[in-house]
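Here's the structure we're looking at; comments come further down.
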Amino acid sequence: MEGWDPNTKSTLTQIPLLTTKAGPRDGAAWTLRLKEEYKALIAYTQMNKSNDNDWFRISAANPEGTRWTGKCWYVYNLLKYEFDLQFDIPITYPSTAPELELPQLDGKTQKMYRGGKICLTVHFKPLWAKNCPRFGIAHALCLGLAPWLAAEVPILVDSGMIKHKDDATTSTES
């Protein structure tokens with residue numbers, strides 16, 4: 001954690017680490033892992049809300065907990081930019097991190113793969129590998145998606161690649 005800002009360190013230390021090394025094909029062990037994932041997500045969400053830093057909503061989209069959907073948002077210049085968030089849990093999870101997708105931004109930035117998958121290879125994937133199986137979905141959001149949004153949304157807004165929903169409404173009414 002050397003080189004991280006104190007806020008990131010503090011946030012990360014408050015997200016519970018996971019102990020069960022299990023993926024979607026591991027039956028009862030996956031159920032235990034899923035319970036740990038939910039506990040970590042609840043802790044992270046509560047911490048964000050208590051720090052007035054609420055920035056996502058997410059839930060399992062299927063009973064198996066292998067497909068997740070939700071919303072995430074980023075506030076820039078006092079305007080809230082909201083995006084759909086989705087991802088699948090890889091079969092090799094937790095050895096392999098989930099590929100977080102923001103489909104609305106597909107093709108709008110070079111730091112994204114086909115289908116709206118955000119680029120996390122250089123900074124996040126080695127960190128995930130080093131901390132497997134202790135990291136989970138909450139950690140992927142904290143150390144993967146949050147910094148990606150902070151780096152990319154201002155550039156996308158300033159370049160005109162994305163517009164605030166109020167601007168889009170105004171321009172269509174004119």
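Letters for chains follow the order of the structure tokens (A, B, ...), residue numbers begin at 1 for each chain, and ligand numbers begin at 1 in the order shown.
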Notebook entry, point to check: Which residues in chain A does DSSP call alpha helix (DSSP H)? List them as a ChimeraX atom specification.
Noted result: /A:6-14,28-50,124-130,137-140,146-158,165-173
Checklist line | Near-stretch 99-104 of chain A list (8 Å; only C-alpha atoms; drop same-chain fewer than 2 positions) as a PyMOL selection string | finding: chain A and resi 83-88+97+106+115-118+145
Would you mind listing, for every residue of stretch 78-120 of chain A within 9 Å of stretch 128-143 of chain A, the two atoms forming the shortest contact and the distance between them in Å to one decimal, using only C-alpha atoms, sorted by chain and ascending residue number, as JSON lines?
```
{"residue": "A:Tyr93", "atom": "CA", "partner": "A:Pro133", "partner_atom": "CA", "distance": 8.6}
{"residue": "A:Pro94", "atom": "CA", "partner": "A:Pro133", "partner_atom": "CA", "distance": 5.7}
{"residue": "A:Ser95", "atom": "CA", "partner": "A:Cys132", "partner_atom": "CA", "distance": 6.0}
{"residue": "A:Thr96", "atom": "CA", "partner": "A:Ala129", "partner_atom": "CA", "distance": 7.5}
{"residue": "A:Ala97", "atom": "CA", "partner": "A:Trp128", "partner_atom": "CA", "distance": 6.7}
{"residue": "A:Pro98", "atom": "CA", "partner": "A:Ala140", "partner_atom": "CA", "distance": 7.7}
{"residue": "A:Leu100", "atom": "CA", "partner": "A:Ala140", "partner_atom": "CA", "distance": 8.4}
```
Next item on the list: Find the distance between atom CA of A:His164 and atom CA of A:Asn48 and write it in Å to one decimal.
Entry: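 Between atom CA of A:His164 and atom CA of A:Asn48 the gap works out to 23.5 Å.
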Checklist line | Selection near A:Thr45, 12 Å with only C-alpha atoms, sequence-local residues under 3 positions removed, as a PyMOL selection string | finding: chain A and resi 11+14-16+38-42+48-59+137-139+141-142
Write to file, as a compact mmCIF listing (two decimals), in the first residue's frame, the residues of the selection just made, with N, CA and C atoms.
```
# COMPACT_ATOMS: atom_id res chain seq x y z
N THR A 11 -9.86 3.69 3.55
CA THR A 11 -11.03 3.03 3.00
C THR A 11 -10.78 1.54 2.85
N GLN A 14 -10.91 -0.68 5.89
CA GLN A 14 -12.23 -0.85 6.50
C GLN A 14 -13.13 -1.84 5.75
N ILE A 15 -12.71 -2.25 4.55
CA ILE A 15 -13.48 -3.26 3.80
C ILE A 15 -13.00 -4.63 4.28
N PRO A 16 -13.91 -5.45 4.79
CA PRO A 16 -13.50 -6.77 5.28
C PRO A 16 -12.83 -7.61 4.19
N TYR A 38 -21.23 -10.34 0.21
CA TYR A 38 -22.31 -9.45 0.64
C TYR A 38 -21.91 -8.67 1.89
N LYS A 39 -21.27 -9.33 2.85
CA LYS A 39 -20.84 -8.64 4.07
C LYS A 39 -19.86 -7.52 3.74
N ALA A 40 -18.92 -7.80 2.86
CA ALA A 40 -17.93 -6.78 2.47
C ALA A 40 -18.61 -5.63 1.72
N LEU A 41 -19.55 -5.95 0.82
CA LEU A 41 -20.26 -4.90 0.08
C LEU A 41 -21.11 -4.04 1.01
N ILE A 42 -21.76 -4.68 1.98
CA ILE A 42 -22.57 -3.91 2.94
C ILE A 42 -21.68 -2.99 3.77
N ASN A 48 -19.21 4.25 2.91
CA ASN A 48 -19.36 5.33 1.93
C ASN A 48 -20.47 6.29 2.34
N LYS A 49 -21.60 5.73 2.75
CA LYS A 49 -22.72 6.59 3.16
C LYS A 49 -22.37 7.43 4.37
N SER A 50 -21.68 6.84 5.35
CA SER A 50 -21.32 7.61 6.55
C SER A 50 -20.30 8.70 6.24
N ASN A 51 -19.53 8.53 5.18
CA ASN A 51 -18.55 9.54 4.77
C ASN A 51 -19.09 10.45 3.67
N ASP A 52 -20.40 10.39 3.42
CA ASP A 52 -21.04 11.18 2.37
C ASP A 52 -20.35 10.97 1.02
N ASN A 53 -20.06 9.70 0.74
CA ASN A 53 -19.37 9.34 -0.50
C ASN A 53 -20.09 8.18 -1.18
N ASP A 54 -21.40 8.20 -1.16
CA ASP A 54 -22.22 7.16 -1.77
C ASP A 54 -22.09 7.29 -3.29
N TRP A 55 -21.66 6.24 -3.98
CA TRP A 55 -21.43 6.37 -5.42
C TRP A 55 -21.84 5.15 -6.25
N PHE A 56 -22.44 4.15 -5.65
CA PHE A 56 -22.89 3.00 -6.44
C PHE A 56 -24.02 2.27 -5.73
N ARG A 57 -24.77 1.52 -6.52
CA ARG A 57 -25.77 0.56 -6.06
C ARG A 57 -25.55 -0.68 -6.91
N ILE A 58 -25.50 -1.82 -6.28
CA ILE A 58 -25.26 -3.06 -7.02
C ILE A 58 -25.93 -4.22 -6.32
N SER A 59 -26.35 -5.19 -7.10
CA SER A 59 -26.94 -6.40 -6.52
C SER A 59 -26.78 -7.55 -7.52
N ILE A 137 -15.62 -8.38 -4.59
CA ILE A 137 -16.33 -7.38 -5.40
C ILE A 137 -16.17 -5.98 -4.84
N ALA A 138 -16.30 -5.81 -3.54
CA ALA A 138 -16.16 -4.48 -2.92
C ALA A 138 -14.77 -3.90 -3.19
N HIS A 139 -13.76 -4.74 -3.15
CA HIS A 139 -12.39 -4.29 -3.40
C HIS A 139 -12.22 -3.90 -4.88
N LEU A 141 -14.54 -2.68 -6.77
CA LEU A 141 -15.19 -1.38 -6.93
C LEU A 141 -14.31 -0.27 -6.37
N CYS A 142 -13.76 -0.50 -5.18
CA CYS A 142 -12.95 0.51 -4.49
C CYS A 142 -11.64 0.81 -5.22
```
Note to self: So that I can see what lies close to A:Asp26, please list as an NGL selection string the residues with an atom at most 10 Å from it, counting only C-alpha atoms and leaving out residues fewer than 6 positions away in the same chain.
What the structure shows: :A and (32-33 or 91)
Those residues you just picked out, can you put them in a file as a PDB file, in the first residue's frame with N, CA and C atoms?
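Saved to part.pdb:
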```
ATOM      1  N   LEU A  32     -20.739 -19.858   0.701  1.00  0.00           N
ATOM      2  CA  LEU A  32     -20.006 -19.197   1.793  1.00  0.00           C
ATOM      3  C   LEU A  32     -19.284 -17.954   1.283  1.00  0.00           C
ATOM      4  N   ARG A  33     -18.646 -18.072   0.137  1.00  0.00           N
ATOM      5  CA  ARG A  33     -17.926 -16.937  -0.455  1.00  0.00           C
ATOM      6  C   ARG A  33     -18.906 -15.804  -0.752  1.00  0.00           C
ATOM      7  N   ILE A  91     -15.529 -17.862 -14.100  1.00  0.00           N
ATOM      8  CA  ILE A  91     -15.484 -19.236 -13.605  1.00  0.00           C
ATOM      9  C   ILE A  91     -14.264 -19.437 -12.704  1.00  0.00           C
TER      10      ILE A  91
END
```
Notebook entry, point to check: By how many Å are atom CA of A:Thr121 and atom CA of A:Trp30 apart?
Noted result: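 So the two atoms, atom CA of A:Thr121 and atom CA of A:Trp30, lie 25.4 Å apart.
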Check: Which residue out of A:Pro126, A:Pro90, A:Gly160, A:Gly70 has the minimum interatomic distance to A:Lys108 when only C-alpha atoms are used?
Finding: A:Gly160
Next item on the list: Determine which residues of chain A receive a DSSP assignment of strand (DSSP E or B), computed from the backbone, and state them as a ChimeraX atom specification.
Entry: /A:56-60,67-76,79-88,101,112-113,117-118
Any chance you could export the current selection's N, CA, C and O atoms as a compact mmCIF listing (two decimals), in the first residue's frame?
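Writing the result to out.txt gives the following:
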```txt
# COMPACT_ATOMS: atom_id res chain seq x y z
N PHE A 56 -22.44 4.15 -5.65
CA PHE A 56 -22.89 3.00 -6.44
C PHE A 56 -24.02 2.27 -5.73
O PHE A 56 -24.20 2.37 -4.52
N ARG A 57 -24.77 1.52 -6.52
CA ARG A 57 -25.77 0.56 -6.06
C ARG A 57 -25.55 -0.68 -6.91
O ARG A 57 -25.46 -0.58 -8.13
N ILE A 58 -25.50 -1.82 -6.28
CA ILE A 58 -25.26 -3.06 -7.02
C ILE A 58 -25.93 -4.22 -6.32
O ILE A 58 -26.06 -4.21 -5.10
N SER A 59 -26.35 -5.19 -7.10
CA SER A 59 -26.94 -6.40 -6.52
C SER A 59 -26.78 -7.55 -7.52
O SER A 59 -26.60 -7.32 -8.73
N ALA A 60 -26.87 -8.75 -6.99
CA ALA A 60 -26.81 -9.93 -7.85
C ALA A 60 -28.06 -9.95 -8.72
O ALA A 60 -29.16 -9.73 -8.24
N ARG A 67 -24.01 -13.06 -11.86
CA ARG A 67 -24.26 -11.89 -12.70
C ARG A 67 -24.67 -10.75 -11.79
O ARG A 67 -25.56 -10.91 -10.95
N TRP A 68 -24.01 -9.60 -11.92
CA TRP A 68 -24.28 -8.45 -11.07
C TRP A 68 -24.62 -7.25 -11.94
O TRP A 68 -24.03 -7.04 -12.99
N THR A 69 -25.58 -6.45 -11.47
CA THR A 69 -25.97 -5.24 -12.18
C THR A 69 -26.22 -4.12 -11.17
O THR A 69 -26.44 -4.38 -9.99
N GLY A 70 -26.18 -2.91 -11.67
CA GLY A 70 -26.45 -1.78 -10.81
C GLY A 70 -26.16 -0.47 -11.50
O GLY A 70 -26.13 -0.39 -12.73
N LYS A 71 -25.92 0.52 -10.70
CA LYS A 71 -25.61 1.88 -11.17
C LYS A 71 -24.39 2.39 -10.41
O LYS A 71 -24.19 2.05 -9.24
N CYS A 72 -23.62 3.21 -11.07
CA CYS A 72 -22.55 3.94 -10.39
C CYS A 72 -22.61 5.37 -10.91
O CYS A 72 -23.16 5.63 -11.98
N TRP A 73 -22.07 6.28 -10.13
CA TRP A 73 -22.10 7.67 -10.57
C TRP A 73 -20.85 8.39 -10.09
O TRP A 73 -20.15 7.96 -9.19
N TYR A 74 -20.61 9.50 -10.77
CA TYR A 74 -19.46 10.34 -10.45
C TYR A 74 -19.92 11.78 -10.55
O TYR A 74 -20.59 12.17 -11.51
N VAL A 75 -19.56 12.58 -9.56
CA VAL A 75 -19.92 14.00 -9.56
C VAL A 75 -18.72 14.80 -10.05
O VAL A 75 -17.62 14.69 -9.51
N TYR A 76 -18.97 15.58 -11.09
CA TYR A 76 -17.92 16.41 -11.68
C TYR A 76 -18.52 17.78 -11.98
O TYR A 76 -19.59 17.87 -12.60
N LEU A 79 -22.11 18.28 -11.08
CA LEU A 79 -23.13 17.55 -11.84
C LEU A 79 -22.89 16.05 -11.67
O LEU A 79 -21.75 15.58 -11.72
N LYS A 80 -23.97 15.32 -11.50
CA LYS A 80 -23.89 13.87 -11.29
C LYS A 80 -24.04 13.14 -12.64
O LYS A 80 -25.04 13.32 -13.33
N TYR A 81 -23.03 12.33 -12.96
CA TYR A 81 -23.06 11.52 -14.16
C TYR A 81 -23.25 10.07 -13.74
O TYR A 81 -22.45 9.52 -13.00
N GLU A 82 -24.36 9.47 -14.21
CA GLU A 82 -24.74 8.13 -13.76
C GLU A 82 -24.60 7.13 -14.91
O GLU A 82 -24.94 7.45 -16.05
N PHE A 83 -24.12 5.93 -14.57
CA PHE A 83 -23.88 4.91 -15.57
C PHE A 83 -24.39 3.55 -15.10
O PHE A 83 -24.35 3.25 -13.91
N ASP A 84 -24.85 2.75 -16.04
CA ASP A 84 -25.19 1.36 -15.74
C ASP A 84 -23.89 0.61 -15.48
O ASP A 84 -22.88 0.85 -16.15
N LEU A 85 -23.92 -0.29 -14.53
CA LEU A 85 -22.77 -1.12 -14.18
C LEU A 85 -23.20 -2.57 -14.24
O LEU A 85 -24.29 -2.92 -13.75
N GLN A 86 -22.37 -3.41 -14.83
CA GLN A 86 -22.67 -4.83 -14.89
C GLN A 86 -21.38 -5.62 -14.97
O GLN A 86 -20.36 -5.11 -15.42
N PHE A 87 -21.43 -6.85 -14.52
CA PHE A 87 -20.30 -7.77 -14.68
C PHE A 87 -20.73 -9.18 -14.32
O PHE A 87 -21.72 -9.39 -13.64
N ASP A 88 -19.97 -10.11 -14.85
CA ASP A 88 -20.15 -11.52 -14.53
C ASP A 88 -18.98 -11.97 -13.67
O ASP A 88 -17.86 -11.49 -13.83
N GLU A 101 -18.10 -3.57 -16.34
CA GLU A 101 -18.59 -3.02 -17.61
C GLU A 101 -19.49 -1.81 -17.39
O GLU A 101 -20.39 -1.85 -16.55
N MET A 112 -10.79 1.33 -22.35
CA MET A 112 -11.96 0.47 -22.29
C MET A 112 -11.85 -0.58 -23.39
O MET A 112 -11.28 -0.32 -24.45
N TYR A 113 -12.38 -1.75 -23.10
CA TYR A 113 -12.40 -2.82 -24.09
C TYR A 113 -13.80 -2.94 -24.68
O TYR A 113 -14.75 -2.34 -24.18
N LYS A 117 -16.09 -2.79 -21.19
CA LYS A 117 -15.28 -3.29 -20.07
C LYS A 117 -14.14 -2.30 -19.81
O LYS A 117 -13.37 -1.99 -20.72
N ILE A 118 -14.06 -1.83 -18.58
CA ILE A 118 -13.04 -0.84 -18.26
C ILE A 118 -11.66 -1.50 -18.16
O ILE A 118 -11.54 -2.66 -17.75
```
Next item on the list: Work out how far apart atom CA of A:Glu152 and atom CA of A:Asn77 are and give it in Å to one decimal.
Entry: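 Distance between the two atoms: 13.9 Å.
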